[in-house]
$ cat start.txt   # compact mmCIF, C-alpha atoms and all ligand atoms
# COMPACT_ATOMS: atom_id res chain seq x y z
CA MET F 1 117.04 74.21 114.47
CA PRO F 2 115.43 73.16 111.17
CA GLU F 3 114.93 76.21 108.95
CA PRO F 4 111.85 76.63 106.76
CA ILE F 5 112.57 75.83 103.12
CA GLU F 6 111.66 78.76 100.95
CA THR F 7 110.83 78.79 97.26
CA ASP F 8 112.17 81.33 94.81
CA SER F 9 109.53 83.32 92.95
CA ASP F 10 111.78 83.78 89.87
CA ASP F 11 109.53 81.62 87.71
CA GLU F 12 107.45 84.44 86.26
CA SER F 13 104.34 82.54 85.28
CA GLN F 14 103.74 80.02 87.98
CA HIS F 15 100.32 78.42 88.01
CA ARG F 16 99.11 77.06 91.33
CA ASP F 17 95.93 75.43 92.52
CA VAL F 18 95.98 77.64 95.61
CA LEU F 19 97.70 80.91 96.47
CA ILE F 20 97.62 81.90 100.12
CA VAL F 21 98.43 85.49 101.00
CA GLY F 22 99.86 85.62 104.52
CA GLY F 23 102.08 83.05 106.23
CA GLY F 24 100.84 83.61 109.76
CA VAL F 25 98.83 81.23 111.89
CA ALA F 26 95.70 81.11 109.69
CA GLY F 27 97.47 81.10 106.32
CA LEU F 28 99.95 78.36 107.17
CA THR F 29 97.24 76.19 108.69
CA ALA F 30 95.00 76.61 105.62
CA ALA F 31 98.03 75.74 103.47
CA LEU F 32 98.77 72.64 105.51
CA TYR F 33 95.30 71.29 104.75
CA THR F 34 95.17 72.20 101.05
CA ALA F 35 98.65 70.79 100.40
CA ARG F 36 97.93 67.57 102.28
CA ALA F 37 94.79 67.17 100.14
CA GLY F 38 97.04 67.24 97.05
CA LEU F 39 96.44 70.83 95.93
CA ASP F 40 99.56 72.61 94.69
CA THR F 41 99.81 75.37 97.31
CA LEU F 42 101.95 78.50 97.40
CA VAL F 43 102.11 80.86 100.39
CA TYR F 44 103.36 84.42 100.11
CA ASP F 45 104.39 85.96 103.40
CA GLY F 46 105.31 89.60 103.38
CA GLY F 47 106.47 90.15 106.91
CA GLU F 48 105.98 88.59 110.27
CA SER F 49 102.99 87.11 111.97
CA ILE F 50 101.67 89.40 114.68
CA LEU F 51 102.06 86.41 116.99
CA ARG F 52 105.81 87.10 117.09
CA ARG F 53 105.01 90.07 119.37
CA ASN F 54 103.56 87.77 122.01
CA ALA F 55 105.85 87.28 125.04
CA HIS F 56 104.96 83.64 125.84
CA LEU F 57 102.16 81.67 124.19
CA GLU F 58 100.27 79.99 127.03
CA ASN F 59 96.84 79.20 125.60
CA PHE F 60 97.56 77.22 122.45
CA PRO F 61 96.45 73.62 123.16
CA GLY F 62 99.22 71.06 123.43
CA PHE F 63 101.84 73.14 125.22
CA PRO F 64 101.17 72.71 128.96
CA ALA F 65 103.91 75.17 129.99
CA GLY F 66 103.41 77.45 127.00
CA VAL F 67 105.80 77.97 124.11
CA ASN F 68 108.00 80.72 122.73
CA PRO F 69 105.76 82.26 120.02
CA ARG F 70 108.67 82.83 117.62
CA LEU F 71 109.63 79.17 117.92
CA PHE F 72 105.98 78.22 117.44
CA ALA F 73 105.77 80.37 114.27
CA ASP F 74 108.92 78.69 112.92
CA MET F 75 107.43 75.28 113.68
CA LEU F 76 104.30 76.21 111.71
CA HIS F 77 106.51 77.13 108.73
CA ALA F 78 108.42 73.87 108.98
CA GLN F 79 105.23 71.81 109.27
CA ALA F 80 103.80 73.50 106.16
CA THR F 81 106.90 72.97 104.02
CA ARG F 82 107.30 69.39 105.23
CA ASN F 83 103.77 68.73 103.96
CA GLY F 84 104.47 70.15 100.51
CA VAL F 85 103.65 73.85 100.83
CA ASP F 86 105.91 76.24 98.90
CA LEU F 87 106.73 79.50 100.66
CA VAL F 88 107.84 82.80 99.18
CA ALA F 89 109.04 85.71 101.32
CA GLY F 90 107.36 88.72 99.70
CA ARG F 91 104.23 90.84 99.58
CA ILE F 92 101.36 90.48 97.15
CA THR F 93 100.42 93.94 95.88
CA ASP F 94 97.53 93.22 93.49
CA ILE F 95 95.18 90.43 92.49
CA ASP F 96 92.94 90.49 89.43
CA HIS F 97 90.76 87.97 87.64
CA ALA F 98 93.04 86.04 85.27
CA GLY F 99 90.61 86.58 82.39
CA SER F 100 90.38 90.34 82.81
CA ASP F 101 92.59 90.94 79.75
CA GLY F 102 90.00 89.30 77.49
CA ASP F 103 91.15 85.68 77.43
CA ASP F 104 89.06 82.92 78.98
CA GLU F 105 91.58 82.05 81.67
CA PRO F 106 89.75 81.17 84.90
CA GLY F 107 91.12 81.99 88.34
CA PHE F 108 93.33 84.83 89.46
CA LEU F 109 96.50 86.65 88.51
CA ALA F 110 98.48 87.92 91.51
CA THR F 111 101.38 90.36 91.34
CA ASP F 112 104.04 90.73 94.01
CA GLU F 113 106.14 93.70 95.07
CA ASP F 114 108.86 92.79 92.53
CA GLY F 115 106.35 92.62 89.67
CA ASP F 116 106.47 88.80 89.49
CA THR F 117 103.13 87.15 88.81
CA VAL F 118 101.41 83.99 89.96
CA ARG F 119 98.28 82.45 88.48
CA ALA F 120 96.07 80.56 90.88
CA ASP F 121 92.72 78.82 90.64
CA ARG F 122 91.84 79.91 94.15
CA VAL F 123 93.17 82.47 96.63
CA VAL F 124 93.02 82.57 100.42
CA ALA F 125 93.48 86.00 102.00
CA ALA F 126 95.02 85.44 105.45
CA SER F 127 96.93 88.71 105.47
CA TRP F 128 96.00 90.40 108.70
CA SER F 129 95.82 93.37 108.46
CA ASP F 130 96.28 94.18 104.74
CA VAL F 131 93.37 94.30 102.26
CA GLU F 132 94.87 96.85 99.83
CA TYR F 133 95.97 94.24 97.30
CA LEU F 134 92.30 93.20 96.96
CA ASN F 135 91.14 96.59 95.64
CA THR F 136 90.90 95.37 92.04
CA LEU F 137 88.77 92.35 92.98
CA ASP F 138 86.63 94.59 95.19
CA PRO F 139 85.27 92.01 97.68
CA GLU F 140 82.85 93.06 100.40
CA ILE F 141 84.85 94.56 103.26
CA ARG F 142 83.74 95.83 106.65
CA SER F 143 85.69 98.86 107.80
CA ALA F 144 85.95 99.55 111.52
CA GLY F 145 88.12 102.58 112.24
CA SER F 146 91.63 101.82 111.06
CA LYS F 147 90.82 98.11 110.65
CA ALA F 148 89.22 96.32 107.70
CA TYR F 149 87.70 92.84 107.73
CA LEU F 150 86.77 90.67 104.76
CA ASP F 151 83.14 89.55 104.74
CA GLU F 152 82.69 85.80 104.32
CA ASP F 153 79.92 83.23 104.61
CA GLY F 154 81.07 81.60 107.87
CA ASN F 155 83.05 78.92 106.00
CA GLY F 156 85.60 81.27 104.44
CA ARG F 157 83.96 82.08 101.09
CA THR F 158 83.99 85.81 100.29
CA SER F 159 81.71 87.70 97.89
CA VAL F 160 84.22 87.00 95.06
CA ASP F 161 83.96 83.45 93.71
CA GLY F 162 87.22 81.59 94.38
CA LEU F 163 88.49 84.11 96.94
CA TYR F 164 88.50 82.96 100.58
CA ALA F 165 89.32 84.69 103.87
CA ALA F 166 90.87 83.24 107.02
CA GLY F 167 91.95 84.27 110.49
CA ARG F 168 91.80 87.73 112.01
CA LEU F 169 91.19 89.23 108.55
CA ALA F 170 87.89 87.31 108.52
CA GLU F 171 87.05 88.99 111.83
CA ARG F 172 87.68 85.94 113.95
CA TYR F 173 88.59 86.34 117.64
CA HIS F 174 92.15 87.61 118.08
CA GLN F 175 93.56 84.32 119.39
CA ALA F 176 96.07 82.02 117.76
CA VAL F 177 94.07 78.82 118.22
CA VAL F 178 91.03 80.49 116.64
CA ALA F 179 93.14 81.65 113.67
CA ALA F 180 94.53 78.11 113.29
CA GLY F 181 91.06 76.52 113.46
CA ASP F 182 89.65 79.05 111.04
CA GLY F 183 92.56 78.47 108.64
CA ALA F 184 91.83 74.72 108.73
CA ALA F 185 88.10 75.26 108.19
CA THR F 186 88.71 77.64 105.27
CA GLY F 187 91.23 75.23 103.74
CA ILE F 188 88.70 72.38 103.95
CA THR F 189 85.95 74.55 102.41
CA LEU F 190 88.30 75.30 99.52
CA ILE F 191 89.14 71.59 99.12
CA HIS F 192 85.43 70.74 98.89
CA ASP F 193 84.76 73.58 96.42
CA SER F 194 87.60 72.38 94.20
CA GLU F 195 85.92 68.97 94.08
CA THR F 196 89.06 67.26 95.29
CA PRO F 197 88.03 63.88 96.72
CA PHE F 198 88.22 64.36 100.50
CA TYR F 199 86.63 62.74 103.57
CA HIS F 200 88.74 63.90 106.52
CA ASP F 201 92.48 64.47 106.95
CA TRP F 202 93.03 61.53 109.29
CA VAL F 203 95.92 59.14 109.95
CA THR F 204 94.58 55.89 111.38
CA PRO F 205 96.07 52.56 112.47
CA GLU F 206 96.24 49.86 109.82
CA GLY F 207 92.88 48.13 109.38
CA TYR F 208 90.79 50.93 110.85
CA PHE F 209 88.72 51.11 107.68
CA THR F 210 89.87 48.11 105.68
CA ASP F 211 89.26 45.53 108.45
CA ARG F 212 85.63 46.66 108.33
CA GLY F 213 85.49 46.06 104.58
CA ARG F 214 85.76 49.77 103.73
CA GLU F 215 88.11 51.47 101.32
CA VAL F 216 90.46 53.99 102.93
CA PRO F 217 88.54 57.25 102.28
CA PRO F 218 90.26 60.05 100.32
CA GLY F 219 92.31 62.26 102.64
CA CYS F 220 92.82 59.40 105.12
CA GLU F 221 95.81 57.12 105.52
CA GLU F 222 96.19 53.82 107.36
CA ILE F 223 99.68 53.15 108.72
CA ASP F 224 101.10 49.93 110.14
CA GLU F 225 103.10 49.51 113.37
CA THR F 226 106.49 49.85 111.64
CA GLU F 227 105.44 53.13 110.10
CA ARG F 228 103.91 54.36 113.37
CA ALA F 229 107.17 53.60 115.22
CA ALA F 230 109.18 55.45 112.57
CA ARG F 231 106.93 58.51 112.76
CA ARG F 232 106.99 58.56 116.57
CA ALA F 233 110.79 58.38 116.57
CA GLU F 234 111.07 61.18 114.03
CA SER F 235 108.66 63.34 115.98
CA ARG F 236 110.57 62.82 119.27
CA ALA F 237 113.86 63.70 117.58
CA ALA F 238 112.39 66.82 115.95
CA MET F 239 110.81 68.09 119.18
CA ARG F 240 114.04 67.49 121.13
CA GLU F 241 115.86 69.61 118.57
CA TYR F 242 113.24 72.39 118.54
CA PHE F 243 113.26 72.76 122.32
CA ALA F 244 116.98 72.10 122.96
CA GLU F 245 118.07 75.72 122.75
CA GLU F 246 116.54 79.10 123.47
CA HIS F 247 115.10 80.65 120.28
CA GLU F 248 117.48 83.26 118.91
CA GLN F 249 115.00 85.87 117.65
CA ASP F 250 114.59 89.06 119.67
CA GLN F 251 111.34 89.79 121.45
CA ARG F 252 109.08 92.21 119.57
CA THR F 253 106.81 94.84 120.97
CA HIS F 254 104.49 97.32 119.30
CA PRO F 255 106.50 98.92 116.45
CA SER F 256 105.53 102.42 117.64
CA LEU F 257 107.46 101.85 120.89
CA VAL F 258 110.85 100.86 119.50
CA ASP F 259 113.08 102.45 116.88
CA ASP F 260 113.14 99.34 114.72
CA GLU F 261 110.69 98.98 111.87
CA LYS F 262 109.65 95.59 113.18
CA GLY F 263 109.47 96.67 116.82
CA ARG F 264 112.30 94.49 118.10
CA LEU F 265 113.46 94.77 121.70
CA SER F 266 117.15 93.94 121.84
CA GLU F 267 117.67 91.19 124.39
CA GLN F 268 121.43 91.67 124.57
C1 LIG H 1 101.26 91.50 121.59
C2 LIG H 1 100.39 90.34 121.16
C3 LIG H 1 100.25 89.25 121.99
C4 LIG H 1 99.41 88.19 121.63
N1 LIG H 1 99.28 87.15 122.49
C5 LIG H 1 98.45 86.11 122.18
C6 LIG H 1 98.30 85.03 123.09
O1 LIG H 1 98.90 85.01 124.19
N2 LIG H 1 97.48 84.02 122.73
C7 LIG H 1 96.78 84.01 121.56
O2 LIG H 1 96.03 83.07 121.29
N3 LIG H 1 96.91 85.03 120.67
C8 LIG H 1 97.72 86.08 120.96
N4 LIG H 1 97.85 87.14 120.09
C9 LIG H 1 96.99 87.16 118.87
C10 LIG H 1 97.49 86.25 117.73
O3 LIG H 1 98.85 86.56 117.47
C11 LIG H 1 96.65 86.50 116.45
O4 LIG H 1 95.27 86.37 116.74
C12 LIG H 1 97.02 85.56 115.32
O5 LIG H 1 98.40 85.67 115.02
C13 LIG H 1 96.19 85.90 114.06
O6 LIG H 1 96.58 85.05 113.02
P1 LIG H 1 96.46 85.49 111.49
O7 LIG H 1 97.02 84.39 110.69
O8 LIG H 1 95.08 85.97 111.22
O9 LIG H 1 97.41 86.78 111.37
P2 LIG H 1 99.01 86.80 111.46
O10 LIG H 1 99.48 85.67 112.30
O11 LIG H 1 99.43 88.17 111.84
O12 LIG H 1 99.48 86.52 109.96
C14 LIG H 1 99.24 87.43 108.91
C15 LIG H 1 100.43 87.35 107.96
O13 LIG H 1 100.08 87.98 106.72
C16 LIG H 1 101.23 88.65 106.23
N5 LIG H 1 100.80 89.62 105.23
C17 LIG H 1 100.04 90.75 105.41
N6 LIG H 1 99.85 91.36 104.22
C18 LIG H 1 100.47 90.63 103.27
C19 LIG H 1 100.61 90.76 101.84
N7 LIG H 1 100.05 91.78 101.17
N8 LIG H 1 101.32 89.82 101.18
C20 LIG H 1 101.89 88.78 101.84
N9 LIG H 1 101.78 88.61 103.20
C21 LIG H 1 101.07 89.52 103.91
C22 LIG H 1 101.83 89.24 107.50
O14 LIG H 1 103.18 89.60 107.30
C23 LIG H 1 101.66 88.08 108.48
O15 LIG H 1 102.78 87.23 108.46
C24 LIG H 1 98.69 88.21 120.40
C25 LIG H 1 98.87 89.30 119.53
C26 LIG H 1 99.68 90.36 119.91
C27 LIG H 1 99.83 91.54 118.99
$ encode --input "start.txt" --output "structure tokens" --more "lines below"
Ligand SMILES: Cc1cc2nc3c(=O)[nH]c(=O)nc-3n(C[C@H](O)[C@H](O)[C@H](O)COP(=O)(O)OP(=O)(O)OC[C@H]3O[C@@H](n4cnc5c(N)ncnc54)[C@H](O)[C@@H]3O)c2cc1C
Amino acid sequence: MPEPIETDSDDESQHRDVLIVGGGVAGLTAALYTARAGLDTLVYDGGESILRRNAHLENFPGFPAGVNPRLFADMLHAQATRNGVDLVAGRITDIDHAGSDGDDEPGFLATDEDGDTVRADRVVAASWSDVEYLNTLDPEIRSAGSKAYLDEDGNGRTSVDGLYAAGRLAERYHQAVVAAGDGAATGITLIHDSETPFYHDWVTPEGYFTDRGREVPPGCEEIDETERAARRAESRAAMREYFAEEHEQDQRTHPSLVDDEKGRLSEQ
């Protein structure tokens, strides 16, 4: 099974176009879109998507007989890295405005649990259910019992300029396809705000635009039959490999039910 490629965070002063906090369904989908639009995108993931607790994912479009959610989460990782997203395994513990120390630096300065820092022009919070690291930025948050949701304008923009929210943290319905769609929508909002030339993220057959006398719009790609055949073959081979064997990761349940900090049920 192809493993996600992970980036080391040793480089102390990385500067990225986009930092995404949370490598679950919403965060990885947002990252897929920003990276494919050419924005240098880094995802920090400090644990495991809550989707890994699901027993069998039966309502995500495209899988008629459902799919193992842990396999699905791994496939999201692989799709993100294949499209240029860098991934770090670690938690973000604080984010401040980059210029808060008096210089004119725009954007944000994020600190992780090891004290390493990342500068980013824009940040997407997709970190269900953690908002603690946002205390310094102090965005508008709606508290509901033990849960906290980031307020946003319906397209992912929060009350802090340059900070976006996606997925369950943005109080979207608690369904994977909704988190994925919201991640995509937030990613596209961010792309537009960054003034990156973008029409739609579409792959079309050769001539779709150009045979009508149009330029291929930014974000789109025309591919010829040779390229289409190559991509189809690669996709068939990859899917055969993904589904050839049972996924090895143990089933999770609610962490309060099992004496394992991640709530793993041993399947041995
Ligand atoms: C038992 C169970 C069964 C479910 N079954 C289904 C189902 O059948 N169908 C369906 O559609 N949905 C199902 N869901 C819901 C679905 O899993 C969620 O709606 C979806 O995963 C939300 O996506 P998200 O990206 O917002 O959050 P997540 O996928 O949970 O991702 C958030 C990520 O952020 C990371 N993170 C948090 N804080 C930080 C930080 N400070 N720094 C770095 N990373 C951080 C977390 O580790 C996590 O990886 C189920 C959920 C549960 C619990």
$ residues_around --input "start.txt" --residues "Ala26 in chain F" --least-positions-apart "2" --cutoff "6 Å" --atoms "all atoms listed in the file" --output "ChimeraX atom specification"
/F:24,28-29,166-167,179-180,183
$ residues_near_ligand --input "start.txt" --ligand "ligand LIG 1 (chain H)" --cutoff "6 Å" --atoms "only C-alpha atoms and all ligand atoms" --output "count of residues only"
37
$ closest_atom_pairs --input "start.txt" --of "range 68-171 of chain F" --to "range 235-257 of chain F" --cutoff "8 Å" --atoms "all atoms listed in the file" --output "tab-separated table"
residue	atom	partner	partner_atom	distance
F:Asn68	CA	F:His247	CA	7.5
F:Arg70	CA	F:Gln249	CA	7.0
F:Leu71	CA	F:His247	CA	6.1
$ residues_around --input "start.txt" --residues "Arg119 in chain F" --least-positions-apart "5" --cutoff "12 Å" --atoms "only C-alpha atoms" --output "ChimeraX atom specification"
/F:11-20,40-42,94-99,105-112
$ atom_distance --input "start.txt" --atom1 "CA of Pro205 in chain F" --atom2 "CA of Ile223 in chain F"
5.2 Å
$ decode --input "start.txt" --residues "range 163-184 of chain F" --atoms "N, CA and C atoms" --output "JSON list (two decimals), in the first residue's frame"
[["chain", "number", "residue", "atom", "x", "y", "z"],
["F", 163, "LEU", "N", -7.46, 34.19, 8.01],
["F", 163, "LEU", "CA", -7.71, 32.93, 8.72],
["F", 163, "LEU", "C", -9.05, 32.37, 8.25],
["F", 164, "TYR", "N", -9.03, 31.09, 7.84],
["F", 164, "TYR", "CA", -10.22, 30.44, 7.29],
["F", 164, "TYR", "C", -10.57, 29.24, 8.17],
["F", 165, "ALA", "N", -11.82, 28.79, 8.06],
["F", 165, "ALA", "CA", -12.26, 27.61, 8.82],
["F", 165, "ALA", "C", -12.92, 26.62, 7.87],
["F", 166, "ALA", "N", -12.74, 25.32, 8.13],
["F", 166, "ALA", "CA", -13.34, 24.31, 7.26],
["F", 166, "ALA", "C", -13.76, 23.09, 8.05],
["F", 167, "GLY", "N", -14.81, 22.44, 7.55],
["F", 167, "GLY", "CA", -15.25, 21.16, 8.10],
["F", 167, "GLY", "C", -16.09, 21.31, 9.35],
["F", 168, "ARG", "N", -16.03, 20.30, 10.20],
["F", 168, "ARG", "CA", -16.87, 20.28, 11.41],
["F", 168, "ARG", "C", -16.57, 21.48, 12.30],
["F", 169, "LEU", "N", -15.32, 21.93, 12.30],
["F", 169, "LEU", "CA", -14.94, 23.10, 13.12],
["F", 169, "LEU", "C", -15.71, 24.34, 12.69],
["F", 170, "ALA", "N", -16.13, 24.38, 11.43],
["F", 170, "ALA", "CA", -16.93, 25.51, 10.92],
["F", 170, "ALA", "C", -18.42, 25.23, 11.09],
["F", 171, "GLU", "N", -18.73, 24.27, 11.92],
["F", 171, "GLU", "CA", -20.10, 23.89, 12.26],
["F", 171, "GLU", "C", -20.86, 23.34, 11.06],
["F", 172, "ARG", "N", -20.18, 22.64, 10.21],
["F", 172, "ARG", "CA", -20.85, 21.95, 9.11],
["F", 172, "ARG", "C", -21.42, 20.63, 9.63],
["F", 173, "TYR", "N", -22.40, 20.07, 8.90],
["F", 173, "TYR", "CA", -22.97, 18.77, 9.29],
["F", 173, "TYR", "C", -21.85, 17.75, 9.48],
["F", 174, "HIS", "N", -22.07, 16.84, 10.44],
["F", 174, "HIS", "CA", -21.03, 15.89, 10.83],
["F", 174, "HIS", "C", -21.03, 14.69, 9.88],
["F", 175, "GLN", "N", -20.72, 14.96, 8.62],
["F", 175, "GLN", "CA", -20.65, 13.93, 7.58],
["F", 175, "GLN", "C", -19.40, 14.17, 6.75],
["F", 176, "ALA", "N", -18.77, 13.05, 6.36],
["F", 176, "ALA", "CA", -17.49, 13.17, 5.65],
["F", 176, "ALA", "C", -17.63, 13.91, 4.33],
["F", 177, "VAL", "N", -18.67, 13.64, 3.58],
["F", 177, "VAL", "CA", -18.80, 14.29, 2.26],
["F", 177, "VAL", "C", -19.02, 15.80, 2.43],
["F", 178, "VAL", "N", -19.69, 16.18, 3.52],
["F", 178, "VAL", "CA", -19.90, 17.61, 3.78],
["F", 178, "VAL", "C", -18.56, 18.26, 4.14],
["F", 179, "ALA", "N", -17.77, 17.58, 4.97],
["F", 179, "ALA", "CA", -16.45, 18.10, 5.35],
["F", 179, "ALA", "C", -15.57, 18.25, 4.10],
["F", 180, "ALA", "N", -15.63, 17.25, 3.22],
["F", 180, "ALA", "CA", -14.81, 17.32, 1.99],
["F", 180, "ALA", "C", -15.26, 18.50, 1.13],
["F", 181, "GLY", "N", -16.57, 18.63, 0.93],
["F", 181, "GLY", "CA", -17.10, 19.72, 0.10],
["F", 181, "GLY", "C", -16.77, 21.07, 0.70],
["F", 182, "ASP", "N", -16.88, 21.15, 2.02],
["F", 182, "ASP", "CA", -16.58, 22.43, 2.68],
["F", 182, "ASP", "C", -15.08, 22.74, 2.59],
["F", 183, "GLY", "N", -14.25, 21.72, 2.71],
["F", 183, "GLY", "CA", -12.80, 21.93, 2.54],
["F", 183, "GLY", "C", -12.50, 22.47, 1.15],
["F", 184, "ALA", "N", -13.14, 21.88, 0.13],
["F", 184, "ALA", "CA", -12.92, 22.36, -1.24],
["F", 184, "ALA", "C", -13.38, 23.80, -1.39]]
